[in-house]
>>> print(open('upload-v9.cif').read())   # mmCIF, C-alpha atoms and all ligand atoms
data_input
#
loop_
_atom_site.label_atom_id
_atom_site.label_comp_id
_atom_site.auth_asym_id
_atom_site.auth_seq_id
_atom_site.Cartn_x
_atom_site.Cartn_y
_atom_site.Cartn_z
CA MET A 15 -55.27 23.28 -7.68
CA LYS A 16 -53.82 26.45 -9.16
CA LEU A 17 -52.02 28.32 -6.39
CA THR A 18 -51.90 32.10 -6.26
CA LYS A 19 -50.61 34.66 -3.78
CA HIS A 20 -54.07 34.51 -2.17
CA ASN A 21 -54.42 30.79 -1.45
CA LEU A 22 -50.76 29.89 -0.86
CA SER A 23 -50.95 29.86 2.92
CA GLU A 24 -53.18 26.74 2.81
CA LYS A 25 -50.27 24.81 1.34
CA THR A 26 -47.12 26.09 3.00
CA ASN A 27 -47.61 23.95 6.12
CA GLN A 28 -47.90 20.65 4.31
CA VAL A 29 -44.98 18.44 3.33
CA TYR A 30 -45.45 17.41 -0.29
CA ASP A 31 -44.20 14.04 -1.43
CA VAL A 32 -42.61 15.75 -4.43
CA ILE A 33 -41.92 19.29 -5.57
CA VAL A 34 -41.21 19.54 -9.27
CA VAL A 35 -39.21 22.59 -10.35
CA GLY A 36 -40.31 23.43 -13.89
CA GLY A 37 -43.58 22.87 -15.67
CA GLY A 38 -42.37 22.17 -19.19
CA ALA A 39 -42.90 18.90 -21.03
CA GLY A 40 -40.87 16.87 -18.53
CA GLY A 41 -42.16 18.40 -15.29
CA LEU A 42 -45.80 18.15 -16.37
CA SER A 43 -45.33 14.55 -17.43
CA ALA A 44 -43.85 13.76 -14.00
CA GLY A 45 -46.84 15.41 -12.33
CA ILE A 46 -49.30 13.51 -14.51
CA TYR A 47 -47.74 10.27 -13.19
CA LEU A 48 -47.22 11.34 -9.56
CA GLN A 49 -50.83 12.26 -8.82
CA PRO A 50 -52.39 8.99 -10.05
CA TYR A 51 -49.82 7.16 -7.85
CA LEU A 52 -51.63 8.99 -5.01
CA LEU A 53 -48.56 11.06 -4.20
CA SER A 54 -48.93 14.76 -3.39
CA SER A 55 -47.11 17.05 -5.78
CA LEU A 56 -46.52 20.72 -6.46
CA ILE A 57 -45.15 21.95 -9.77
CA ILE A 58 -43.50 25.37 -9.54
CA ASP A 59 -42.95 26.93 -12.93
CA LYS A 60 -41.70 30.38 -13.81
CA GLY A 61 -43.07 30.10 -17.35
CA LYS A 62 -41.38 30.71 -20.72
CA ALA A 63 -40.46 27.05 -21.15
CA ARG A 64 -38.23 26.10 -24.05
CA SER A 65 -41.21 24.13 -25.34
CA LEU A 66 -43.24 27.37 -25.45
CA TRP A 67 -40.79 28.76 -27.95
CA MET A 68 -41.28 25.70 -30.17
CA GLN A 69 -43.63 26.76 -32.97
CA GLU A 70 -44.10 23.23 -34.32
CA LEU A 71 -43.56 20.03 -32.37
CA HIS A 72 -41.82 17.58 -34.68
CA ASN A 73 -41.09 13.89 -34.07
CA TYR A 74 -43.79 13.32 -31.44
CA LEU A 75 -46.06 10.32 -31.72
CA GLY A 76 -49.77 11.03 -31.91
CA LEU A 77 -49.65 14.79 -32.38
CA PRO A 78 -49.72 16.57 -35.73
CA PRO A 79 -46.24 17.95 -36.55
CA ASP A 80 -47.58 21.51 -36.61
CA THR A 81 -48.70 21.36 -32.96
CA PRO A 82 -47.23 24.40 -31.22
CA GLY A 83 -45.46 23.96 -27.90
CA LYS A 84 -47.95 26.27 -26.20
CA THR A 85 -50.79 23.83 -27.01
CA LEU A 86 -48.80 20.95 -25.51
CA LEU A 87 -48.13 22.95 -22.33
CA LYS A 88 -51.72 24.17 -22.00
CA GLN A 89 -53.09 20.63 -22.32
CA GLY A 90 -50.41 19.29 -19.99
CA LYS A 91 -51.26 21.84 -17.28
CA GLU A 92 -54.99 21.13 -17.60
CA HIS A 93 -54.33 17.40 -17.39
CA TYR A 94 -52.12 17.79 -14.30
CA LEU A 95 -54.70 20.00 -12.53
CA SER A 96 -57.47 17.54 -13.43
CA VAL A 97 -55.67 14.77 -11.50
CA GLY A 98 -55.41 16.98 -8.41
CA GLY A 99 -51.89 18.40 -8.71
CA ASP A 100 -50.90 21.79 -7.29
CA LEU A 101 -49.41 24.30 -9.73
CA LEU A 102 -47.76 27.60 -8.90
CA ASN A 103 -46.39 30.18 -11.32
CA ALA A 104 -43.27 31.30 -9.46
CA TYR A 105 -39.49 31.20 -9.38
CA VAL A 106 -37.56 28.71 -7.24
CA GLU A 107 -34.60 30.57 -5.75
CA GLU A 108 -33.03 27.99 -3.50
CA ILE A 109 -33.38 24.45 -2.19
CA ILE A 110 -31.97 23.43 1.17
CA ASP A 111 -31.50 19.82 2.22
CA GLU A 112 -32.89 19.50 5.74
CA GLY A 113 -32.29 15.76 6.04
CA GLU A 114 -35.74 14.11 5.75
CA THR A 115 -37.20 17.00 3.77
CA PHE A 116 -36.15 19.77 1.44
CA LEU A 117 -36.95 23.41 2.05
CA VAL A 118 -37.84 25.14 -1.22
CA ARG A 119 -37.59 28.95 -1.26
CA VAL A 120 -39.80 30.55 -3.86
CA LYS A 121 -40.37 34.07 -5.18
CA VAL A 122 -43.97 34.67 -6.24
CA GLY A 123 -44.90 37.55 -8.54
CA ARG A 124 -42.71 39.82 -10.62
CA THR A 125 -44.02 43.02 -9.08
CA ASN A 126 -44.75 43.26 -5.34
CA SER A 127 -43.24 39.80 -5.11
CA ILE A 128 -43.42 37.76 -1.94
CA CYS A 129 -41.14 34.98 -0.74
CA VAL A 130 -42.66 31.72 0.43
CA GLU A 131 -41.30 28.35 1.53
CA PHE A 132 -42.55 24.86 0.80
CA ARG A 133 -41.32 21.46 1.93
CA ALA A 134 -41.09 18.14 0.13
CA LYS A 135 -39.56 14.71 0.60
CA TYR A 136 -38.38 14.50 -3.00
CA ILE A 137 -37.34 17.05 -5.63
CA ILE A 138 -37.59 16.68 -9.37
CA ALA A 139 -35.40 19.21 -11.19
CA ALA A 140 -37.22 19.78 -14.47
CA SER A 141 -36.13 23.35 -15.11
CA GLY A 142 -34.52 22.83 -18.51
CA ILE A 143 -32.18 25.11 -20.40
CA ILE A 144 -32.48 28.10 -22.68
CA ASP A 145 -30.52 28.62 -25.88
CA HIS A 146 -28.13 31.53 -26.36
CA LEU A 147 -29.03 33.58 -29.42
CA PRO A 148 -26.90 35.88 -31.59
CA ALA A 149 -26.51 39.16 -29.71
CA LEU A 150 -27.51 41.75 -32.29
CA GLU A 151 -28.08 45.43 -31.61
CA LYS A 152 -31.83 44.95 -32.12
CA MET A 153 -32.72 41.67 -30.42
CA GLN A 154 -36.32 41.88 -31.64
CA ASN A 155 -34.88 41.14 -35.09
CA VAL A 156 -33.59 37.78 -33.76
CA PHE A 157 -36.83 36.98 -31.88
CA ASP A 158 -38.81 37.58 -35.10
CA TYR A 159 -37.27 34.47 -36.69
CA ALA A 160 -35.85 32.28 -33.89
CA GLY A 161 -37.96 29.15 -33.48
CA TYR A 162 -39.50 29.62 -36.96
CA ASN A 163 -36.96 28.98 -39.76
CA LEU A 164 -34.06 30.19 -37.62
CA HIS A 165 -33.76 26.88 -35.81
CA VAL A 166 -31.90 25.91 -32.64
CA CYS A 167 -32.34 22.14 -32.73
CA LEU A 168 -30.78 19.98 -35.42
CA LEU A 169 -32.53 16.82 -34.18
CA CYS A 170 -35.93 18.53 -34.33
CA ASP A 171 -35.55 20.53 -37.52
CA GLY A 172 -32.79 18.96 -39.64
CA TYR A 173 -35.46 17.46 -41.88
CA GLU A 174 -37.05 20.93 -42.35
CA MET A 175 -33.71 22.19 -43.70
CA ARG A 176 -33.14 19.38 -46.20
CA ASP A 177 -31.49 20.66 -49.39
CA GLN A 178 -31.94 24.26 -48.24
CA LYS A 179 -29.35 27.02 -48.20
CA VAL A 180 -28.63 27.18 -44.47
CA GLY A 181 -26.58 29.57 -42.34
CA VAL A 182 -25.00 28.10 -39.21
CA PHE A 183 -24.52 30.78 -36.54
CA ALA A 184 -21.83 29.49 -34.19
CA SER A 185 -20.21 30.98 -31.11
CA SER A 186 -17.14 28.76 -30.89
CA GLU A 187 -15.03 26.37 -32.89
CA SER A 188 -16.68 23.34 -31.23
CA ALA A 189 -20.17 24.79 -31.77
CA ALA A 190 -19.35 25.20 -35.48
CA GLN A 191 -18.89 21.42 -35.78
CA VAL A 192 -22.69 21.12 -36.00
CA ALA A 193 -22.27 22.18 -39.66
CA PHE A 194 -20.90 18.72 -40.45
CA SER A 195 -23.90 16.97 -38.89
CA LEU A 196 -26.20 19.35 -40.76
CA GLY A 197 -24.39 18.18 -43.89
CA TRP A 198 -26.48 14.97 -43.64
CA PHE A 199 -29.51 17.08 -44.60
CA THR A 200 -28.09 19.70 -46.94
CA PRO A 201 -24.81 20.42 -48.71
CA HIS A 202 -25.54 24.19 -48.97
CA ILE A 203 -24.01 25.47 -45.75
CA THR A 204 -22.43 28.78 -44.71
CA VAL A 205 -20.86 29.06 -41.28
CA PHE A 206 -21.09 32.51 -39.65
CA THR A 207 -18.68 33.16 -36.77
CA GLN A 208 -19.81 36.74 -36.07
CA GLY A 209 -16.11 37.36 -35.37
CA LEU A 210 -16.63 35.71 -31.98
CA PHE A 211 -13.72 33.26 -32.25
CA ASP A 212 -10.57 32.65 -34.24
CA VAL A 213 -11.04 29.92 -36.80
CA SER A 214 -8.25 27.34 -36.69
CA SER A 215 -6.51 26.21 -39.85
CA GLU A 216 -7.97 22.70 -39.26
CA LEU A 217 -11.54 24.01 -39.30
CA ARG A 218 -10.86 26.19 -42.36
CA GLN A 219 -9.49 23.16 -44.17
CA LYS A 220 -12.39 20.90 -43.15
CA LEU A 221 -14.96 23.50 -44.27
CA LYS A 222 -13.14 23.82 -47.57
CA GLU A 223 -13.13 20.04 -48.09
CA HIS A 224 -16.89 19.97 -47.50
CA ARG A 225 -17.35 22.99 -49.77
CA TYR A 226 -19.01 24.98 -47.00
CA SER A 227 -18.58 28.77 -46.94
CA LEU A 228 -17.18 30.70 -44.01
CA VAL A 229 -18.21 34.26 -43.10
CA GLU A 230 -16.37 36.01 -40.27
CA THR A 231 -17.86 39.50 -40.69
CA PRO A 232 -20.48 40.10 -37.99
CA VAL A 233 -24.17 39.95 -38.91
CA LYS A 234 -25.98 43.28 -38.65
CA GLN A 235 -29.49 41.92 -39.03
CA PHE A 236 -31.59 39.02 -40.26
CA LEU A 237 -33.75 39.75 -43.30
CA GLY A 238 -37.21 38.39 -44.07
CA GLU A 239 -40.88 38.80 -43.30
CA ASN A 240 -43.73 36.99 -41.53
CA HIS A 241 -41.22 35.15 -39.31
CA GLN A 242 -39.50 33.63 -42.37
CA MET A 243 -35.84 34.60 -42.48
CA ASN A 244 -34.46 34.81 -46.01
CA GLY A 245 -30.96 36.09 -45.47
CA VAL A 246 -28.62 38.27 -43.48
CA GLU A 247 -27.15 41.71 -43.87
CA LEU A 248 -23.56 41.89 -42.63
CA GLU A 249 -21.92 44.82 -40.84
CA ASP A 250 -20.16 45.76 -44.11
CA GLY A 251 -23.54 46.13 -45.86
CA SER A 252 -23.32 42.97 -47.96
CA VAL A 253 -26.30 40.61 -48.11
CA ILE A 254 -26.24 36.78 -48.13
CA ASN A 255 -29.41 34.96 -49.12
CA LEU A 256 -30.45 31.98 -47.05
CA GLU A 257 -33.48 29.71 -46.76
CA ALA A 258 -33.00 28.75 -43.12
CA GLY A 259 -30.64 29.15 -40.20
CA LEU A 260 -29.31 26.99 -37.38
CA ILE A 261 -28.10 28.67 -34.19
CA SER A 262 -25.35 26.84 -32.32
CA MET A 263 -24.31 29.10 -29.48
CA GLY A 264 -24.70 26.93 -26.39
CA SER A 265 -27.27 27.22 -23.63
CA ARG A 266 -27.89 28.56 -20.18
CA TYR A 267 -28.74 25.83 -17.66
CA HIS A 268 -31.55 26.62 -15.21
CA SER A 269 -29.89 25.10 -12.17
CA ASP A 270 -28.93 28.07 -9.95
CA TYR A 271 -31.34 26.93 -7.21
CA LEU A 272 -29.40 23.65 -6.88
CA GLU A 273 -26.09 25.39 -6.17
CA ASN A 274 -25.94 24.49 -2.46
CA LEU A 275 -26.52 20.81 -3.13
CA ASP A 276 -23.52 18.71 -3.98
CA LEU A 277 -24.71 17.14 -7.25
CA GLU A 278 -22.71 15.61 -10.07
CA TYR A 279 -22.71 17.33 -13.46
CA GLN A 280 -21.37 16.66 -16.91
CA GLY A 281 -20.83 20.12 -18.36
CA GLY A 282 -24.02 21.87 -17.27
CA ASN A 283 -26.14 18.71 -17.37
CA LEU A 284 -27.02 16.75 -14.25
CA ILE A 285 -25.83 13.16 -14.23
CA THR A 286 -28.57 10.67 -13.36
CA ASP A 287 -29.15 6.95 -13.39
CA GLN A 288 -31.63 5.38 -15.84
CA MET A 289 -34.63 6.36 -13.69
CA GLY A 290 -33.50 9.98 -13.35
CA ARG A 291 -31.98 9.80 -9.87
CA THR A 292 -29.08 12.22 -9.40
CA SER A 293 -26.12 11.70 -7.07
CA HIS A 294 -28.52 12.71 -4.25
CA PRO A 295 -30.93 9.82 -3.54
CA ARG A 296 -34.01 12.08 -3.23
CA ILE A 297 -33.30 14.50 -6.08
CA PHE A 298 -34.27 13.47 -9.59
CA ALA A 299 -33.57 15.38 -12.81
CA LEU A 300 -35.14 15.12 -16.20
CA GLY A 301 -35.47 16.55 -19.70
CA ASP A 302 -32.96 19.04 -21.08
CA LEU A 303 -31.32 19.62 -17.69
CA LYS A 304 -29.97 16.08 -17.45
CA VAL A 305 -27.49 14.28 -19.65
CA GLY A 306 -29.42 12.90 -22.63
CA MET A 307 -31.30 13.93 -25.74
CA ASN A 308 -33.10 17.27 -25.80
CA GLN A 309 -36.45 16.15 -27.14
CA VAL A 310 -40.01 16.44 -25.87
CA VAL A 311 -40.60 12.70 -26.12
CA VAL A 312 -37.51 12.09 -23.96
CA ALA A 313 -38.50 14.72 -21.36
CA ALA A 314 -41.97 13.17 -21.16
CA ALA A 315 -40.54 9.66 -20.73
CA ASP A 316 -38.07 10.94 -18.11
CA GLY A 317 -41.02 12.38 -16.19
CA ALA A 318 -42.76 9.01 -16.17
CA MET A 319 -39.61 7.23 -14.96
CA SER A 320 -38.70 9.69 -12.19
CA ALA A 321 -42.26 9.67 -10.86
CA THR A 322 -42.42 5.87 -10.94
CA GLN A 323 -39.08 5.45 -9.15
CA ILE A 324 -40.15 7.92 -6.44
CA TRP A 325 -43.40 5.95 -5.98
CA ARG A 326 -41.38 2.73 -5.63
CA ASP A 327 -39.07 4.39 -3.06
CA ILE A 328 -41.96 5.71 -0.99
CA ARG A 329 -43.86 2.41 -1.19
CA ARG A 330 -40.80 0.55 0.07
CA GLN A 331 -40.20 3.05 2.89
CA THR A 332 -43.77 2.84 4.11
CA GLY A 333 -44.07 -0.96 3.77
CA ALA A 334 -46.50 -0.42 0.88
CA LYS A 335 -48.94 1.42 3.17
CA ARG A 336 -50.07 4.86 2.18
CA ASN A 337 -49.53 7.61 4.75
CA LEU A 338 -52.90 9.34 4.47
CA SER A 339 -51.87 12.28 6.63
CA ASN A 340 -49.43 13.37 3.93
CA LEU A 341 -51.93 13.52 1.13
CA ALA A 342 -52.60 16.96 -0.31
CA ALA A 343 -55.78 18.59 0.89
C1 LIG B 1 -37.21 26.47 -31.03
C2 LIG B 1 -37.23 25.06 -30.50
C3 LIG B 1 -37.82 24.06 -31.25
C4 LIG B 1 -37.86 22.77 -30.75
N1 LIG B 1 -38.48 21.82 -31.49
C5 LIG B 1 -38.63 20.58 -30.99
C6 LIG B 1 -39.33 19.58 -31.73
O1 LIG B 1 -39.81 19.85 -32.82
N2 LIG B 1 -39.45 18.35 -31.19
C7 LIG B 1 -38.92 18.04 -29.96
O2 LIG B 1 -39.07 16.90 -29.51
N3 LIG B 1 -38.22 18.97 -29.26
C8 LIG B 1 -38.08 20.21 -29.73
N4 LIG B 1 -37.38 21.15 -29.02
C9 LIG B 1 -36.76 20.76 -27.74
C10 LIG B 1 -37.79 20.76 -26.62
O3 LIG B 1 -38.42 22.02 -26.54
C11 LIG B 1 -37.12 20.44 -25.29
O4 LIG B 1 -36.35 19.25 -25.41
C12 LIG B 1 -38.16 20.25 -24.19
O5 LIG B 1 -38.94 21.41 -24.09
C13 LIG B 1 -37.49 19.98 -22.86
O6 LIG B 1 -38.45 19.92 -21.85
P1 LIG B 1 -38.07 20.23 -20.35
O7 LIG B 1 -39.28 19.92 -19.56
O8 LIG B 1 -36.79 19.59 -19.98
O9 LIG B 1 -37.75 21.81 -20.30
P2 LIG B 1 -38.70 23.08 -20.62
O10 LIG B 1 -39.78 22.71 -21.58
O11 LIG B 1 -37.78 24.18 -21.02
O12 LIG B 1 -39.33 23.41 -19.22
C14 LIG B 1 -38.57 23.88 -18.12
C15 LIG B 1 -39.44 24.84 -17.31
O13 LIG B 1 -38.79 25.14 -16.06
C16 LIG B 1 -38.92 26.53 -15.80
N5 LIG B 1 -37.88 26.97 -14.85
C17 LIG B 1 -36.56 27.15 -15.08
N6 LIG B 1 -35.94 27.56 -13.94
C18 LIG B 1 -36.92 27.65 -13.00
C19 LIG B 1 -36.91 28.04 -11.64
N7 LIG B 1 -35.80 28.39 -11.00
N8 LIG B 1 -38.10 28.07 -10.96
C20 LIG B 1 -39.26 27.69 -11.57
N9 LIG B 1 -39.32 27.31 -12.90
C21 LIG B 1 -38.15 27.28 -13.58
C22 LIG B 1 -38.75 27.15 -17.19
O14 LIG B 1 -39.22 28.47 -17.23
C23 LIG B 1 -39.62 26.19 -18.01
O15 LIG B 1 -40.99 26.58 -17.97
C24 LIG B 1 -37.30 22.47 -29.49
C25 LIG B 1 -36.69 23.48 -28.74
C26 LIG B 1 -36.67 24.77 -29.24
C27 LIG B 1 -36.03 25.85 -28.41
#
>>> encode(input="upload-v9.cif", output="structure tokens")
Amino acid sequence: MKLTKHNLSEKTNQVYDVIVVGGGAGGLSAGIYLQPYLLSSLIIDKGKARSLWMQELHNYLGLPPDTPGKTLLKQGKEHYLSVGGDLLNAYVEEIIDEGETFLVRVKVGRTNSICVEFRAKYIIAASGIIDHLPALEKMQNVFDYAGYNLHVCLLCDGYEMRDQKVGVFASSESAAQVAFSLGWFTPHITVFTQGLFDVSSELRQKLKEHRYSLVETPVKQFLGENHQMNGVELEDGSVINLEAGLISMGSRYHSDYLENLDLEYQGGNLITDQMGRTSHPRIFALGDLKVGMNQVVVAAADGAMSATQIWRDIRRQTGAKRNLSNLAA
């Protein structure tokens, strides 16, 4: 059932088996497994998933490679609702471990927002990440091309850039290393530092050996039309023609709400076992937020595994007998 400000009160008294934070590819997949296991679940999603930004879903079995992320999410939400899941468009602010249950504090609505609390036995953290983009004076100029031929994912779009003239927009020396992996697909590479970091003599030498160009003058704007970037204008007025771009500027991890819980991380990614269990036995993590490969197919598989492990846990705890009083209304 789709929850809104108006029907929320029906649900705040119940203890869900699982609350899933994030309704992207991974969270929806988890929900699509949880409900048929006859577990009660609530997916809380603030929207603007990374998968929404994906204009074409590449490398996914069974779907045409021009399927936009928004189609995947729309179908996923419909599927989840059709198997009886609860879905709320809201922002999870905090999760508190109460022992047997978790208290989940949620802000609903951007204007006239209200704060509500839900409880669950298990949490699935499926809140993903979001990529940092070049900070230009006019950000709309970046949004016009990002996700089209100004890519952020080498695994997803390396093939699209094969033999093209590609600009790599890096924010640090380590981020610039992606140029050498991109070299598998194309030899025509220019690394743009935007003047954000000092380039070491080792990196200069390596770029030279690979015959890649290096531009340290900041970019003023991307050039192009109809979402197809065809070059950049630098701050000094010069223009460099390109056929595609690859942004490598790191990401922001959507994990603020987990701050009070003592979980193990590797960088910003949550460490889990094979089934998605974090260092807390009743918190699972999946998709881009956990250590692994940032791909839709992986997030979807993670969702299936987390949901299945939680079902196993609950079955074992209840001696394989379903507790009917806990089922969602
Ligand atoms: C431009 C682009 C192109 C891509 N192309 C491909 C491709 O072709 N093939 C491929 O396999 N992969 C591709 N990817 C990668 C793919 O999008 C991700 O790997 C996938 O979306 C990860 O799914 P997820 O469920 O972990 O996270 P997401 O899809 O990002 O979902 C996380 C959700 O959680 C929500 N959330 C975050 N914090 C909170 C909070 N506190 N409260 C409530 N909700 C919250 C977010 O708003 C979001 O809706 C691409 C990514 C980008 C950016």
>>> atom_distance(input="upload-v9.cif", atom1="atom CA of A:Ile110", atom2="atom CA of A:Gly282")
20.1 Å
>>> atom_distance(input="upload-v9.cif", atom1="atom CA of A:Leu52", atom2="atom CA of A:Gly123")
29.6 Å
>>> residues_near_point(input="upload-v9.cif", point="(-24.4, 15.9, -16.8)", cutoff="12 Å", atoms="all atoms listed in the file", output="ChimeraX atom specification")
/A:267,269,277-287,290-293,299-307
>>> residues_near_ligand(input="upload-v9.cif", ligand="ligand LIG 1 (chain B)", cutoff="6 Å", atoms="all atoms listed in the file", output="JSON, numbers by chain")
{"A": [35, 36, 37, 38, 39, 40, 41, 58, 59, 60, 61, 62, 63, 64, 65, 67, 68, 70, 71, 72, 73, 104, 105, 106, 107, 140, 141, 142, 143, 161, 165, 166, 167, 170, 268, 301, 302, 303, 308, 309, 310, 311, 313]}
>>> atom_distance(input="upload-v9.cif", atom1="atom CA of A:Thr26", atom2="atom CA of A:Met289")
28.7 Å
>>> closest_atom_pairs(input="upload-v9.cif", of="stretch 250-331 of chain A", to="stretch 180-185 of chain A", cutoff="7 Å", atoms="only C-alpha atoms", output="Markdown table")
| residue | atom | partner | partner_atom | distance |
| --- | --- | --- | --- | --- |
| A:Leu256 | CA | A:Val180 | CA | 5.7 |
| A:Glu257 | CA | A:Val180 | CA | 5.9 |
| A:Ala258 | CA | A:Val180 | CA | 4.8 |
| A:Gly259 | CA | A:Gly181 | CA | 4.6 |
| A:Leu260 | CA | A:Val182 | CA | 4.8 |
| A:Ile261 | CA | A:Phe183 | CA | 4.8 |
| A:Ser262 | CA | A:Ala184 | CA | 4.8 |
| A:Met263 | CA | A:Ser185 | CA | 4.8 |
>>> residues_around(input="upload-v9.cif", residues="A:Lys91", least_positions_apart="4", cutoff="8 Å", atoms="all atoms listed in the file", output="NGL selection string")
:A and (37 or 42 or 87 or 95)
>>> closest_residue(input="upload-v9.cif", among="A:Ala149, A:Val253, A:Val192, A:Ala44", to="A:Leu210", atoms="only C-alpha atoms")
A:Ala149
>>> closest_residue(input="upload-v9.cif", among="A:Ile203, A:Leu53, A:Ala315, A:Val130", to="A:Arg225", atoms="only C-alpha atoms")
A:Ile203
>>> closest_residue(input="upload-v9.cif", among="A:Lys25, A:Arg218, A:Arg296, A:Lys179", to="A:Lys135", atoms="only C-alpha atoms")
A:Arg296
>>> residues_around(input="upload-v9.cif", residues="A:Gln242", least_positions_apart="2", cutoff="9 Å", atoms="only C-alpha atoms", output="list of chain:residue names")
A:Asp158, A:Tyr159, A:Tyr162, A:Asn163, A:Leu164, A:Leu237, A:Gly238, A:Glu239, A:Asn240, A:Asn244, A:Glu257, A:Ala258
>>> residues_around(input="upload-v9.cif", residues="A:Leu117", least_positions_apart="6", cutoff="9 Å", atoms="all atoms listed in the file", output="list in words")
Glu108, Ile109, Ile110, Asp111, Glu131, Phe132, Arg133 and Ala134 of chain A
>>> residues_near_point(input="upload-v9.cif", point="(-9.8, 26.6, -35.7)", cutoff="12 Å", atoms="only C-alpha atoms", output="PDB file with C-alpha atoms, keeping the file's coordinate frame")
ATOM      1  CA  SER A 186     -17.140  28.760 -30.890  1.00  0.00           C
ATOM      2  CA  GLU A 187     -15.030  26.370 -32.890  1.00  0.00           C
ATOM      3  CA  SER A 188     -16.680  23.340 -31.230  1.00  0.00           C
ATOM      4  CA  ALA A 189     -20.170  24.790 -31.770  1.00  0.00           C
ATOM      5  CA  ALA A 190     -19.350  25.200 -35.480  1.00  0.00           C
ATOM      6  CA  GLN A 191     -18.890  21.420 -35.780  1.00  0.00           C
ATOM      7  CA  THR A 207     -18.680  33.160 -36.770  1.00  0.00           C
ATOM      8  CA  LEU A 210     -16.630  35.710 -31.980  1.00  0.00           C
ATOM      9  CA  PHE A 211     -13.720  33.260 -32.250  1.00  0.00           C
ATOM     10  CA  ASP A 212     -10.570  32.650 -34.240  1.00  0.00           C
ATOM     11  CA  VAL A 213     -11.040  29.920 -36.800  1.00  0.00           C
ATOM     12  CA  SER A 214      -8.250  27.340 -36.690  1.00  0.00           C
ATOM     13  CA  SER A 215      -6.510  26.210 -39.850  1.00  0.00           C
ATOM     14  CA  GLU A 216      -7.970  22.700 -39.260  1.00  0.00           C
ATOM     15  CA  LEU A 217     -11.540  24.010 -39.300  1.00  0.00           C
ATOM     16  CA  ARG A 218     -10.860  26.190 -42.360  1.00  0.00           C
ATOM     17  CA  GLN A 219      -9.490  23.160 -44.170  1.00  0.00           C
ATOM     18  CA  LYS A 220     -12.390  20.900 -43.150  1.00  0.00           C
ATOM     19  CA  LEU A 221     -14.960  23.500 -44.270  1.00  0.00           C
ATOM     20  CA  LEU A 228     -17.180  30.700 -44.010  1.00  0.00           C
TER      21      LEU A 228
END
>>> axis_aligned_box(input="upload-v9.cif", around="stretch 158-168 of chain A", padding_each_side="5 Å", output="lines of an AutoDock Vina configuration file")
center_x = -35.1
center_y = 28.8
center_z = -36.2
size_x = 18.7
size_y = 27.6
size_z = 17.1
>>> decode(input="upload-v9.cif", residues="stretch 187-219 of chain A", atoms="C-alpha atoms", output="tab-separated table (two decimals), in the first residue's frame")
chain	number	residue	atom	x	y	z
A	187	GLU	CA	45.30	11.94	-8.34
A	188	SER	CA	43.77	8.56	-7.41
A	189	ALA	CA	40.51	9.39	-9.23
A	190	ALA	CA	42.54	10.20	-12.36
A	191	GLN	CA	43.79	6.59	-12.45
A	192	VAL	CA	40.47	5.63	-14.08
A	193	ALA	CA	41.99	7.00	-17.32
A	194	PHE	CA	44.20	3.90	-17.53
A	195	SER	CA	41.22	1.54	-17.21
A	196	LEU	CA	39.37	3.61	-19.80
A	197	GLY	CA	42.39	2.99	-22.03
A	198	TRP	CA	41.00	-0.55	-22.57
A	199	PHE	CA	38.19	1.05	-24.59
A	200	THR	CA	39.85	4.03	-26.24
A	201	PRO	CA	43.34	5.45	-26.66
A	202	HIS	CA	42.06	9.04	-27.18
A	203	ILE	CA	42.02	10.35	-23.63
A	204	THR	CA	42.44	13.80	-22.08
A	205	VAL	CA	42.56	14.12	-18.31
A	206	PHE	CA	41.10	17.35	-16.89
A	207	THR	CA	42.11	18.22	-13.32
A	208	GLN	CA	40.14	21.49	-13.10
A	209	GLY	CA	43.13	22.70	-11.07
A	210	LEU	CA	41.73	20.75	-8.12
A	211	PHE	CA	44.94	18.88	-7.28
A	212	ASP	CA	48.66	18.99	-7.94
A	213	VAL	CA	49.69	16.40	-10.49
A	214	SER	CA	52.68	14.36	-9.34
A	215	SER	CA	55.65	13.78	-11.61
A	216	GLU	CA	54.77	10.03	-11.61
A	217	LEU	CA	51.29	10.68	-12.98
A	218	ARG	CA	52.61	13.16	-15.56
A	219	GLN	CA	55.10	10.55	-16.73
